[in-house]
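structure-v7.pdb follows; it contains PDB, C-alpha atoms.
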ATOM      1  CA  MET A1438      35.679  17.001 -25.103
ATOM      2  CA  SER A1439      33.001  19.191 -23.509
ATOM      3  CA  ASP A1440      33.055  20.155 -19.839
ATOM      4  CA  ARG A1441      30.036  18.428 -18.318
ATOM      5  CA  ARG A1442      30.615  19.853 -14.837
ATOM      6  CA  ARG A1443      29.848  23.418 -15.843
ATOM      7  CA  ILE A1444      26.533  24.822 -17.016
ATOM      8  CA  ASN A1445      27.289  27.187 -19.866
ATOM      9  CA  GLY A1446      25.168  30.243 -20.438
ATOM     10  CA  PRO A1447      23.401  31.108 -23.691
ATOM     11  CA  VAL A1448      25.550  32.121 -26.634
ATOM     12  CA  GLY A1449      23.556  35.223 -27.577
ATOM     13  CA  THR A1450      22.479  38.220 -25.540
ATOM     14  CA  THR A1451      19.745  37.891 -22.953
ATOM     15  CA  SER A1452      17.345  40.244 -21.185
ATOM     16  CA  PRO A1453      16.152  39.928 -17.585
ATOM     17  CA  PRO A1454      12.613  38.635 -17.044
ATOM     18  CA  VAL A1455       9.865  41.116 -16.188
ATOM     19  CA  TYR A1456       7.432  39.978 -13.515
ATOM     20  CA  ASP A1457       3.895  41.226 -13.145
ATOM     21  CA  THR A1458       1.756  41.281 -10.021
ATOM     22  CA  PRO A1459      -0.409  38.126  -9.998
ATOM     23  CA  GLN A1460      -4.144  38.640 -10.190
ATOM     24  CA  GLY A1461      -5.903  38.456  -6.870
ATOM     25  CA  LYS A1462      -2.806  39.549  -4.938
ATOM     26  CA  ARG A1463      -3.028  43.004  -3.455
ATOM     27  CA  VAL A1464       0.155  44.906  -2.728
ATOM     28  CA  VAL A1465      -0.404  46.999   0.365
ATOM     29  CA  ALA A1466       2.129  49.740   1.081
ATOM     30  CA  ARG A1467       2.869  51.093   4.500
ATOM     31  CA  SER A1468       0.370  53.480   5.962
ATOM     32  CA  GLY A1469       2.470  56.626   5.651
ATOM     33  CA  ASP A1470       5.755  58.394   6.248
ATOM     34  CA  ASN A1471       5.398  57.950  10.015
ATOM     35  CA  ALA A1472       5.444  54.134   9.800
ATOM     36  CA  VAL A1473       8.325  51.746   9.227
ATOM     37  CA  ARG A1474       8.391  48.976   6.685
ATOM     38  CA  LYS A1475       7.497  45.448   7.712
ATOM     39  CA  ILE A1476      10.414  43.411   9.100
ATOM     40  CA  PHE A1477      10.928  39.652   9.106
ATOM     41  CA  LEU A1478      13.492  38.347  11.602
ATOM     42  CA  LYS A1479      14.489  34.781  12.396
ATOM     43  CA  THR A1480      17.287  33.394  14.565
ATOM     44  CA  GLY A1481      19.191  30.119  14.423
ATOM     45  CA  VAL A1482      19.496  29.950  10.633
ATOM     46  CA  THR A1483      23.161  28.781  10.663
ATOM     47  CA  PRO A1484      23.598  25.708  12.895
ATOM     48  CA  SER A1485      27.409  25.696  12.623
ATOM     49  CA  ALA A1486      27.721  29.185  14.156
ATOM     50  CA  SER A1487      27.420  30.096  17.831
ATOM     51  CA  GLY A1488      24.514  32.370  16.946
ATOM     52  CA  SER A1489      22.892  33.555  13.761
ATOM     53  CA  ALA A1490      19.977  35.591  12.457
ATOM     54  CA  TYR A1491      18.321  36.531   9.171
ATOM     55  CA  LEU A1492      16.473  39.787   8.468
ATOM     56  CA  GLU A1493      14.272  40.961   5.612
ATOM     57  CA  VAL A1494      12.716  44.380   5.104
ATOM     58  CA  GLU A1495       9.638  44.721   2.933
ATOM     59  CA  ASP A1496       9.715  46.611  -0.335
ATOM     60  CA  PRO A1497       6.752  49.039  -0.032
ATOM     61  CA  ALA A1498       6.345  49.355  -3.800
ATOM     62  CA  ALA A1499       6.762  45.608  -4.377
ATOM     63  CA  ASN A1500       8.192  46.356  -7.811
ATOM     64  CA  ARG A1501      10.677  43.511  -7.709
ATOM     65  CA  PRO A1502      10.080  39.768  -7.853
ATOM     66  CA  SER A1503      11.725  39.225  -4.466
ATOM     67  CA  GLY A1504       9.187  41.474  -2.733
ATOM     68  CA  THR A1505      11.794  42.807  -0.306
ATOM     69  CA  SER A1506      14.372  45.572  -0.549
ATOM     70  CA  LEU A1507      16.861  44.495   2.124
ATOM     71  CA  LYS A1508      18.151  41.060   3.083
ATOM     72  CA  LEU A1509      20.796  40.523   5.737
ATOM     73  CA  THR A1510      22.285  37.539   7.496
ATOM     74  CA  CYS A1511      24.555  37.572  10.541
ATOM     75  CA  THR A1512      26.677  34.845  12.128
ATOM     76  CA  ILE A1513      28.459  34.927  15.479
ATOM     77  CA  HIS A1514      31.647  32.918  16.043
ATOM     78  CA  GLY A1515      32.701  32.820  19.671
ATOM     79  CA  PRO A1516      33.352  33.834  22.324
ATOM     80  CA  ARG A1517      36.621  31.943  22.104
ATOM     81  CA  ALA A1518      40.011  32.279  23.697
ATOM     82  CA  LEU A1519      42.495  34.708  22.197
ATOM     83  CA  PRO A1520      45.750  33.314  20.783
ATOM     84  CA  ARG A1521      48.744  33.154  23.105
ATOM     85  CA  SER A1522      50.529  35.877  21.156
ATOM     86  CA  ALA A1523      47.688  38.364  21.767
ATOM     87  CA  PRO A1524      48.092  40.836  24.654
ATOM     88  CA  PHE A1525      45.982  40.418  27.764
ATOM     89  CA  SER A1526      42.543  42.022  27.597
ATOM     90  CA  PRO A1527      40.181  42.246  30.603
ATOM     91  CA  HIS A1528      37.244  42.673  28.199
ATOM     92  CA  ILE A1529      35.943  40.780  25.208
ATOM     93  CA  ILE A1530      37.356  41.910  21.858
ATOM     94  CA  LEU A1531      34.762  42.510  19.148
ATOM     95  CA  SER A1532      35.612  41.956  15.493
ATOM     96  CA  THR A1533      32.888  43.126  13.080
ATOM     97  CA  HIS A1534      32.946  42.272   9.398
ATOM     98  CA  VAL A1535      30.307  43.721   7.058
ATOM     99  CA  LYS A1536      30.402  42.632   3.417
ATOM    100  CA  TYR A1537      28.104  43.086   0.446
ATOM    101  CA  ALA A1538      27.482  39.986  -1.628
ATOM    102  CA  PRO A1539      28.775  40.480  -5.192
ATOM    103  CA  PHE A1540      25.177  40.520  -6.474
ATOM    104  CA  ALA A1541      23.694  42.631  -3.653
ATOM    105  CA  THR A1542      23.664  45.948  -5.533
ATOM    106  CA  ARG A1543      23.191  47.105  -9.095
ATOM    107  CA  GLN A1544      26.917  47.702  -9.455
ATOM    108  CA  ARG A1545      28.667  44.403  -8.856
ATOM    109  CA  ARG A1546      30.758  44.355  -5.697
ATOM    110  CA  GLY A1547      34.294  43.061  -5.406
ATOM    111  CA  TYR A1548      35.449  40.279  -3.144
ATOM    112  CA  LEU A1549      37.569  42.650  -1.042
ATOM    113  CA  ARG A1550      35.921  45.132   1.315
ATOM    114  CA  ASP A1551      35.815  48.741   0.160
ATOM    115  CA  SER A1552      35.712  51.920   2.263
ATOM    116  CA  SER A1553      31.918  51.926   2.629
ATOM    117  CA  GLU A1554      31.894  48.383   4.002
ATOM    118  CA  ARG A1555      34.653  49.229   6.455
ATOM    119  CA  ASP A1556      32.670  52.265   7.615
ATOM    120  CA  LEU A1557      29.645  50.057   8.218
ATOM    121  CA  GLY A1558      31.815  47.695  10.258
ATOM    122  CA  VAL A1559      33.152  50.521  12.442
ATOM    123  CA  HIS A1560      29.683  51.909  13.165
ATOM    124  CA  LEU A1561      28.350  48.415  13.876
ATOM    125  CA  GLU A1562      31.131  47.721  16.362
ATOM    126  CA  THR A1563      30.467  51.025  18.148
ATOM    127  CA  ALA A1564      26.736  50.274  18.346
ATOM    128  CA  LEU A1565      27.216  46.772  19.768
ATOM    129  CA  ARG A1566      29.995  47.635  22.195
ATOM    130  CA  GLY A1567      27.581  49.625  24.347
ATOM    131  CA  ALA A1568      25.212  46.670  24.701
ATOM    132  CA  ILE A1569      27.551  43.740  25.435
ATOM    133  CA  ILE A1570      28.739  43.152  29.009
ATOM    134  CA  ALA A1571      32.373  42.939  27.979
ATOM    135  CA  ASP A1572      33.972  42.255  31.372
ATOM    136  CA  ARG A1573      32.255  38.863  31.651
ATOM    137  CA  TRP A1574      34.420  37.497  28.842
ATOM    138  CA  PRO A1575      38.073  38.364  29.621
ATOM    139  CA  LYS A1576      40.831  37.146  27.322
ATOM    140  CA  SER A1577      38.220  36.268  24.702
ATOM    141  CA  GLY A1578      37.185  37.409  21.264
ATOM    142  CA  VAL A1579      34.052  37.173  19.155
ATOM    143  CA  ASP A1580      33.655  37.555  15.400
ATOM    144  CA  ILE A1581      30.470  39.191  14.074
ATOM    145  CA  VAL A1582      30.023  38.639  10.349
ATOM    146  CA  VAL A1583      27.166  40.388   8.520
ATOM    147  CA  THR A1584      26.514  39.560   4.870
ATOM    148  CA  ILE A1585      24.301  41.889   2.849
ATOM    149  CA  ILE A1586      22.491  39.590   0.447
ATOM    150  CA  GLU A1587      20.403  42.343  -1.112
ATOM    151  CA  GLY A1588      20.974  46.052  -0.625
ATOM    152  CA  ASP A1589      18.251  48.623  -0.072
ATOM    153  CA  GLN A1590      18.387  50.037  -3.599
ATOM    154  CA  ASN A1591      15.954  50.540  -6.449
ATOM    155  CA  ARG A1592      17.498  48.798  -9.436
ATOM    156  CA  ASP A1593      14.750  49.891 -11.836
ATOM    157  CA  SER A1594      15.147  53.648 -11.360
ATOM    158  CA  LEU A1595      16.685  55.632 -14.221
ATOM    159  CA  GLU A1596      18.122  58.081 -11.698
ATOM    160  CA  TYR A1597      19.800  55.332  -9.753
ATOM    161  CA  ASP A1598      23.047  57.216  -9.216
ATOM    162  CA  ARG A1599      21.433  59.700  -6.819
ATOM    163  CA  ASP A1600      20.386  56.840  -4.524
ATOM    164  CA  GLU A1601      23.922  55.529  -4.070
ATOM    165  CA  GLY A1602      25.001  56.233  -0.503
ATOM    166  CA  TRP A1603      21.721  57.050   1.219
ATOM    167  CA  ASP A1604      20.883  53.363   1.224
ATOM    168  CA  MET A1605      23.811  52.767   3.590
ATOM    169  CA  MET A1606      21.808  54.290   6.425
ATOM    170  CA  ASN A1607      19.063  51.679   6.106
ATOM    171  CA  VAL A1608      21.687  48.969   5.668
ATOM    172  CA  LEU A1609      23.431  49.973   8.901
ATOM    173  CA  SER A1610      20.106  50.016  10.732
ATOM    174  CA  GLY A1611      19.407  46.468   9.562
ATOM    175  CA  CYS A1612      22.944  45.352  10.454
ATOM    176  CA  ILE A1613      22.515  46.593  14.024
ATOM    177  CA  THR A1614      19.172  44.833  14.489
ATOM    178  CA  VAL A1615      20.196  41.513  12.937
ATOM    179  CA  ALA A1616      23.522  41.484  14.815
ATOM    180  CA  SER A1617      21.713  42.091  18.108
ATOM    181  CA  ALA A1618      19.436  39.114  17.423
ATOM    182  CA  ALA A1619      22.403  36.911  16.534
ATOM    183  CA  ILE A1620      24.274  37.938  19.703
ATOM    184  CA  ALA A1621      21.258  37.025  21.812
ATOM    185  CA  ASP A1622      21.005  33.713  19.953
ATOM    186  CA  ALA A1623      24.673  33.037  20.796
ATOM    187  CA  GLY A1624      23.979  33.516  24.506
ATOM    188  CA  ILE A1625      26.339  36.477  24.964
ATOM    189  CA  ASP A1626      25.374  38.580  27.978
ATOM    190  CA  CYS A1627      24.038  42.029  27.123
ATOM    191  CA  VAL A1628      22.525  44.866  29.127
ATOM    192  CA  ASP A1629      19.730  45.242  26.570
ATOM    193  CA  THR A1630      18.808  44.481  22.981
ATOM    194  CA  VAL A1631      20.071  47.160  20.621
ATOM    195  CA  ALA A1632      17.982  48.130  17.596
ATOM    196  CA  GLY A1633      18.641  50.443  14.675
ATOM    197  CA  GLY A1634      16.372  53.107  13.197
ATOM    198  CA  VAL A1635      16.610  55.729  10.443
ATOM    199  CA  ALA A1636      14.934  59.078   9.888
ATOM    200  CA  ALA A1637      15.536  61.416   6.954
ATOM    201  CA  ILE A1638      14.611  64.866   5.692
ATOM    202  CA  VAL A1639      13.184  64.468   2.192
ATOM    203  CA  ALA A1640      11.224  66.311  -0.451
ATOM    204  CA  LYS A1641       8.501  64.348  -2.232
ATOM    205  CA  ASP A1642       8.704  66.516  -5.339
ATOM    206  CA  SER A1643      10.394  69.673  -6.580
ATOM    207  CA  LYS A1644       7.651  71.943  -5.143
ATOM    208  CA  SER A1645       7.059  70.357  -1.736
ATOM    209  CA  GLU A1646       8.648  71.457   1.520
ATOM    210  CA  PRO A1647      11.203  69.197   3.231
ATOM    211  CA  SER A1648       9.730  66.865   5.846
ATOM    212  CA  ILE A1649      11.000  64.197   8.240
ATOM    213  CA  VAL A1650      10.085  60.588   7.426
ATOM    214  CA  LEU A1651      10.835  57.257   9.097
ATOM    215  CA  ASP A1652      12.659  54.393   7.397
ATOM    216  CA  PRO A1653      12.947  56.250   4.068
ATOM    217  CA  ASP A1654      12.604  54.468   0.748
ATOM    218  CA  VAL A1655      15.086  56.623  -1.155
ATOM    219  CA  ALA A1656      13.684  55.899  -4.605
ATOM    220  CA  ALA A1657      10.219  57.159  -3.594
ATOM    221  CA  TYR A1658      11.366  60.756  -2.965
ATOM    222  CA  HIS A1659      12.586  63.566  -5.182
ATOM    223  CA  LYS A1660      15.524  64.532  -2.972
ATOM    224  CA  VAL A1661      17.068  63.463   0.319
ATOM    225  CA  PHE A1662      18.672  66.324   2.253
ATOM    226  CA  ALA A1663      19.938  64.477   5.330
ATOM    227  CA  ALA A1664      19.571  61.153   7.130
ATOM    228  CA  CYS A1665      20.265  59.954  10.651
ATOM    229  CA  CYS A1666      20.835  56.362  11.804
ATOM    230  CA  VAL A1667      20.631  55.670  15.545
ATOM    231  CA  ALA A1668      21.451  52.582  17.612
ATOM    232  CA  TYR A1669      19.230  52.546  20.684
ATOM    233  CA  LEU A1670      18.791  50.528  23.888
ATOM    234  CA  PRO A1671      15.042  50.856  24.619
ATOM    235  CA  THR A1672      14.963  49.501  28.176
ATOM    236  CA  ARG A1673      17.899  51.598  29.375
ATOM    237  CA  ASP A1674      16.904  54.577  27.168
ATOM    238  CA  GLU A1675      20.475  54.958  25.918
ATOM    239  CA  VAL A1676      21.942  55.681  22.489
ATOM    240  CA  THR A1677      25.092  53.743  21.568
ATOM    241  CA  ASN A1678      25.767  55.193  18.124
ATOM    242  CA  ILE A1679      24.578  58.042  15.877
ATOM    243  CA  TRP A1680      25.520  58.426  12.230
ATOM    244  CA  PHE A1681      24.388  61.656  10.579
ATOM    245  CA  LYS A1682      24.844  62.298   6.885
ATOM    246  CA  GLY A1683      23.885  65.216   4.678
ATOM    247  CA  GLN A1684      23.107  68.880   5.225
ATOM    248  CA  LEU A1685      20.099  70.308   7.003
ATOM    249  CA  PRO A1686      17.891  72.570   4.864
ATOM    250  CA  SER A1687      17.732  75.112   7.714
ATOM    251  CA  PRO A1688      20.273  76.142  10.372
ATOM    252  CA  ASP A1689      17.793  75.445  13.169
ATOM    253  CA  ALA A1690      19.305  73.009  15.683
ATOM    254  CA  MET A1691      15.853  71.733  16.616
ATOM    255  CA  VAL A1692      15.614  70.034  13.218
ATOM    256  CA  TYR A1693      18.535  67.783  14.117
ATOM    257  CA  GLN A1694      16.951  66.984  17.485
ATOM    258  CA  LYS A1695      13.653  66.103  15.782
ATOM    259  CA  MET A1696      15.474  63.769  13.399
ATOM    260  CA  VAL A1697      17.059  61.920  16.307
ATOM    261  CA  GLU A1698      13.704  61.667  18.081
ATOM    262  CA  ARG A1699      12.059  60.241  14.962
ATOM    263  CA  SER A1700      14.927  57.780  14.605
ATOM    264  CA  LEU A1701      14.231  56.559  18.141
ATOM    265  CA  VAL A1702      10.630  55.853  17.122
ATOM    266  CA  ALA A1703      11.910  53.642  14.314
ATOM    267  CA  CYS A1704      14.284  51.940  16.778
ATOM    268  CA  ARG A1705      11.416  51.072  19.114
ATOM    269  CA  SER A1706       9.447  49.573  16.234
ATOM    270  CA  ALA A1707      12.409  47.411  15.201
ATOM    271  CA  ASN A1708      12.997  46.388  18.807
ATOM    272  CA  ARG A1709       9.448  45.052  19.109
ATOM    273  CA  VAL A1710      10.121  42.746  16.170
ATOM    274  CA  LEU A1711      13.454  41.743  17.706
ATOM    275  CA  VAL A1712      11.935  40.879  21.087
ATOM    276  CA  GLN A1713       9.106  38.921  19.460
ATOM    277  CA  ALA A1714      11.573  36.879  17.382
ATOM    278  CA  LEU A1715      13.646  36.050  20.463
ATOM    279  CA  ASN A1716      10.539  35.053  22.420
ATOM    280  CA  GLU A1717       9.496  32.709  19.620
ATOM    281  CA  THR A1718      12.965  31.155  19.660
ATOM    282  CA  VAL A1719      12.810  30.566  23.417
ATOM    283  CA  GLN A1720       9.308  29.104  23.177
ATOM    284  CA  GLY A1721      10.432  26.777  20.403
ATOM    285  CA  GLN A1722      13.368  25.553  22.468
ATOM    286  CA  ASN A1723      11.115  24.957  25.505
ATOM    287  CA  SER A1724       8.641  22.966  23.417
ATOM    288  CA  GLN A1725      11.415  20.749  22.073
ATOM    289  CA  ASN A1726      12.941  20.167  25.507
ATOM    290  CA  PRO A1727      10.038  20.004  27.975
ATOM    291  CA  SER A1728      11.057  19.636  31.609
TER
END

Could you spell out this file's structure in structure tokens?
Amino acid sequence: MSDRRRINGPVGTTSPPVYDTPQGKRVVARSGDNAVRKIFLKTGVTPSASGSAYLEVEDPAANRPSGTSLKLTCTIHGPRALPRSAPFSPHIILSTHVKYAPFATRQRRGYLRDSSERDLGVHLETALRGAIIADRWPKSGVDIVVTIIEGDQNRDSLEYDRDEGWDMMNVLSGCITVASAAIADAGIDCVDTVAGGVAAIVAKDSKSEPSIVLDPDVAAYHKVFAACCVAYLPTRDEVTNIWFKGQLPSPDAMVYQKMVERSLVACRSANRVLVQALNETVQGQNSQNPS
């Protein structure tokens, strides 16, 4: 007797479909290395959670059918009271959980978190802790769950192995921005909205000199020397977290300072999208509940 509840795959081997750009549709890349990719951000996507948000980052080459290179979703559960067995805490306790979907990257991910996902969770908690007013929620805890639906990786590149790891910087930047939007959607008091930004030192080809670019698309460059991800509070002009990876091509300390400054430019661009998305959410709520 056949199993009618399960859809069986084809018996023979298969090959993935190849999509072509439709006629009449122009793919416009970003203006240059000093501009960030387009960001789509929406809050309130999970009604069962206290707060939620969804973020997409545009693929500048548009060489994939999805048209984006990064997709993240974040849900907030809480604040809620701690269990009786937990020790007293005068501040809110943050619990961050970052997990790749099994299909998010070229190499299939497991169901248990690995070391890279735990590192992303630690950096995300550090970035958000500086923005939340923790003493307004004593004896409480909040769970921040970020799911990476699609990682910022080029699956069509033959030299894919060299991209593994640099994409984590862009992923962390997106996690910080989408988590900040979800926290605001949950109504948790914060001193400011925190946004993430990335700058990197790259070489476009084997003969070019290293240069600093914003929001790097790793597959578009010959080599990435170093990258810097910054979590930034624009209104207060404060940095809550810095993650630097790689080795500078020169021992000049000013290069590191320039990378941080360029990362702040990317943070301000992401924050403008974040503030606009929150304003649209507030306007939508006011239109549904007119006074």

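Across the structure, CA of Gln1590 in chain A and CA of Val1702 in chain A are spaced 22.9 Å apart.
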
Checklist line | One-decimal distance in Å that lies between CA of Ser1532 in chain A and CA of Ala1664 in chain A | finding: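 For CA of Ala1664 in chain A relative to CA of Ser1532 in chain A, the distance reads 26.4 Å.
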
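The gap separating CA of Gly1588 in chain A from CA of Leu1557 in chain A is 13.0 Å, in Å to one decimal.
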
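Closest approach to Asp1642 in chain A among A:Leu1549, A:Ala1657, A:Ile1569, A:Leu1492: A:Ala1657, based on all atoms listed in the file.
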
Check: With all atoms listed in the file as the atoms that count, which of A:Leu1509, A:Ala1518, A:Leu1609, A:Ala1619 lies nearest to Ala1486 in chain A?
Finding: A:Ala1619

Next item on the list: Determine the nearest neighbour of Tyr1658 in chain A from the options A:Ser1643, A:Thr1533, A:Asn1708, A:Thr1512, counting only C-alpha atoms.
Entry: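 Looking at the shortest contact to Tyr1658 in chain A, the residue is A:Ser1643.
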
Note to self: Here is a test: counting only C-alpha atoms, which residue of A:Ala1564, A:Ala1523, A:Ile1530, A:Ile1585 is nearest to Lys1508 in chain A?
What the structure shows: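 For Lys1508 in chain A, the nearest of the given residues is A:Ile1585.
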
Check: Quick one: residues within 8 Å of Cys1612 in chain A, only C-alpha atoms counted, chain neighbours fewer than 6 positions away excluded, as a list in words?
Finding: Leu1509, Cys1511, Leu1561, Val1583 and Gly1633 of chain A

Keeping C-alpha atoms, export the residues of the selection given above as a PDB file, in the coordinates of the input.
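Full text of again-v5.pdb as output:
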ATOM      1  CA  LEU A1509      20.796  40.523   5.737  1.00  0.00           C
ATOM      2  CA  CYS A1511      24.555  37.572  10.541  1.00  0.00           C
ATOM      3  CA  LEU A1561      28.350  48.415  13.876  1.00  0.00           C
ATOM      4  CA  VAL A1583      27.166  40.388   8.520  1.00  0.00           C
ATOM      5  CA  GLY A1633      18.641  50.443  14.675  1.00  0.00           C
TER       6      GLY A1633
END

Will you give me range 1676-1685 of chain A, written with all heavy atoms and laid out as a PDB file, in the first residue's frame?
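Below is the file that was written, decode38.pdb:
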ATOM      1  N   VAL A1676      28.757  53.476  20.299  1.00  0.00           N
ATOM      2  CA  VAL A1676      28.993  52.161  19.711  1.00  0.00           C
ATOM      3  C   VAL A1676      28.816  51.117  20.801  1.00  0.00           C
ATOM      4  O   VAL A1676      29.439  51.207  21.863  1.00  0.00           O
ATOM      5  CB  VAL A1676      30.399  52.068  19.095  1.00  0.00           C
ATOM      6  CG1 VAL A1676      30.685  50.647  18.615  1.00  0.00           C
ATOM      7  CG2 VAL A1676      30.542  53.043  17.934  1.00  0.00           C
ATOM      8  N   THR A1677      27.968  50.119  20.552  1.00  0.00           N
ATOM      9  CA  THR A1677      27.703  49.078  21.543  1.00  0.00           C
ATOM     10  C   THR A1677      28.482  47.796  21.283  1.00  0.00           C
ATOM     11  O   THR A1677      28.622  46.983  22.208  1.00  0.00           O
ATOM     12  CB  THR A1677      26.202  48.758  21.589  1.00  0.00           C
ATOM     13  OG1 THR A1677      25.775  48.316  20.288  1.00  0.00           O
ATOM     14  CG2 THR A1677      25.398  49.987  21.988  1.00  0.00           C
ATOM     15  N   ASN A1678      28.961  47.604  20.063  1.00  0.00           N
ATOM     16  CA  ASN A1678      29.712  46.382  19.781  1.00  0.00           C
ATOM     17  C   ASN A1678      30.538  46.578  18.512  1.00  0.00           C
ATOM     18  O   ASN A1678      30.080  47.211  17.552  1.00  0.00           O
ATOM     19  CB  ASN A1678      28.772  45.185  19.597  1.00  0.00           C
ATOM     20  CG  ASN A1678      29.530  43.881  19.378  1.00  0.00           C
ATOM     21  OD1 ASN A1678      30.201  43.380  20.283  1.00  0.00           O
ATOM     22  ND2 ASN A1678      29.433  43.328  18.181  1.00  0.00           N
ATOM     23  N   ILE A1679      31.759  46.048  18.527  1.00  0.00           N
ATOM     24  CA  ILE A1679      32.641  46.047  17.353  1.00  0.00           C
ATOM     25  C   ILE A1679      33.207  44.645  17.199  1.00  0.00           C
ATOM     26  O   ILE A1679      33.737  44.064  18.150  1.00  0.00           O
ATOM     27  CB  ILE A1679      33.795  47.066  17.483  1.00  0.00           C
ATOM     28  CG1 ILE A1679      33.257  48.487  17.501  1.00  0.00           C
ATOM     29  CG2 ILE A1679      34.776  46.902  16.332  1.00  0.00           C
ATOM     30  CD1 ILE A1679      34.347  49.539  17.605  1.00  0.00           C
ATOM     31  N   TRP A1680      33.095  44.119  15.996  1.00  0.00           N
ATOM     32  CA  TRP A1680      33.678  42.811  15.685  1.00  0.00           C
ATOM     33  C   TRP A1680      34.606  42.997  14.491  1.00  0.00           C
ATOM     34  O   TRP A1680      34.162  43.308  13.391  1.00  0.00           O
ATOM     35  CB  TRP A1680      32.590  41.796  15.387  1.00  0.00           C
ATOM     36  CG  TRP A1680      33.111  40.391  15.202  1.00  0.00           C
ATOM     37  CD1 TRP A1680      34.337  39.932  15.567  1.00  0.00           C
ATOM     38  CD2 TRP A1680      32.433  39.292  14.617  1.00  0.00           C
ATOM     39  NE1 TRP A1680      34.472  38.608  15.259  1.00  0.00           N
ATOM     40  CE2 TRP A1680      33.318  38.177  14.675  1.00  0.00           C
ATOM     41  CE3 TRP A1680      31.164  39.128  14.060  1.00  0.00           C
ATOM     42  CZ2 TRP A1680      32.965  36.925  14.182  1.00  0.00           C
ATOM     43  CZ3 TRP A1680      30.815  37.879  13.570  1.00  0.00           C
ATOM     44  CH2 TRP A1680      31.705  36.786  13.639  1.00  0.00           C
ATOM     45  N   PHE A1681      35.890  42.810  14.730  1.00  0.00           N
ATOM     46  CA  PHE A1681      36.902  42.963  13.680  1.00  0.00           C
ATOM     47  C   PHE A1681      37.466  41.591  13.352  1.00  0.00           C
ATOM     48  O   PHE A1681      37.774  40.795  14.246  1.00  0.00           O
ATOM     49  CB  PHE A1681      38.021  43.900  14.140  1.00  0.00           C
ATOM     50  CG  PHE A1681      39.089  44.127  13.106  1.00  0.00           C
ATOM     51  CD1 PHE A1681      38.937  45.093  12.130  1.00  0.00           C
ATOM     52  CD2 PHE A1681      40.246  43.363  13.110  1.00  0.00           C
ATOM     53  CE1 PHE A1681      39.914  45.299  11.170  1.00  0.00           C
ATOM     54  CE2 PHE A1681      41.230  43.563  12.162  1.00  0.00           C
ATOM     55  CZ  PHE A1681      41.060  44.531  11.194  1.00  0.00           C
ATOM     56  N   LYS A1682      37.628  41.347  12.058  1.00  0.00           N
ATOM     57  CA  LYS A1682      38.125  40.053  11.607  1.00  0.00           C
ATOM     58  C   LYS A1682      39.076  40.258  10.456  1.00  0.00           C
ATOM     59  O   LYS A1682      38.824  41.081   9.565  1.00  0.00           O
ATOM     60  CB  LYS A1682      36.957  39.160  11.170  1.00  0.00           C
ATOM     61  CG  LYS A1682      37.365  37.768  10.720  1.00  0.00           C
ATOM     62  CD  LYS A1682      36.145  36.957  10.331  1.00  0.00           C
ATOM     63  CE  LYS A1682      36.539  35.551   9.886  1.00  0.00           C
ATOM     64  NZ  LYS A1682      35.356  34.753   9.500  1.00  0.00           N
ATOM     65  N   GLY A1683      40.192  39.534  10.466  1.00  0.00           N
ATOM     66  CA  GLY A1683      41.149  39.617   9.379  1.00  0.00           C
ATOM     67  C   GLY A1683      42.441  40.281   9.802  1.00  0.00           C
ATOM     68  O   GLY A1683      42.724  40.469  10.995  1.00  0.00           O
ATOM     69  N   GLN A1684      43.232  40.646   8.833  1.00  0.00           N
ATOM     70  CA  GLN A1684      44.538  41.272   9.063  1.00  0.00           C
ATOM     71  C   GLN A1684      44.680  42.461   8.134  1.00  0.00           C
ATOM     72  O   GLN A1684      44.438  42.354   6.925  1.00  0.00           O
ATOM     73  CB  GLN A1684      45.668  40.270   8.818  1.00  0.00           C
ATOM     74  CG  GLN A1684      47.051  40.804   9.171  1.00  0.00           C
ATOM     75  CD  GLN A1684      48.122  39.749   9.041  1.00  0.00           C
ATOM     76  OE1 GLN A1684      47.840  38.626   8.613  1.00  0.00           O
ATOM     77  NE2 GLN A1684      49.352  40.094   9.381  1.00  0.00           N
ATOM     78  N   LEU A1685      45.080  43.589   8.697  1.00  0.00           N
ATOM     79  CA  LEU A1685      45.229  44.799   7.907  1.00  0.00           C
ATOM     80  C   LEU A1685      46.415  44.674   6.957  1.00  0.00           C
ATOM     81  O   LEU A1685      47.467  44.127   7.336  1.00  0.00           O
ATOM     82  CB  LEU A1685      45.428  46.007   8.823  1.00  0.00           C
ATOM     83  CG  LEU A1685      44.257  46.352   9.755  1.00  0.00           C
ATOM     84  CD1 LEU A1685      44.627  47.514  10.655  1.00  0.00           C
ATOM     85  CD2 LEU A1685      43.013  46.678   8.949  1.00  0.00           C
TER      86      LEU A1685
END
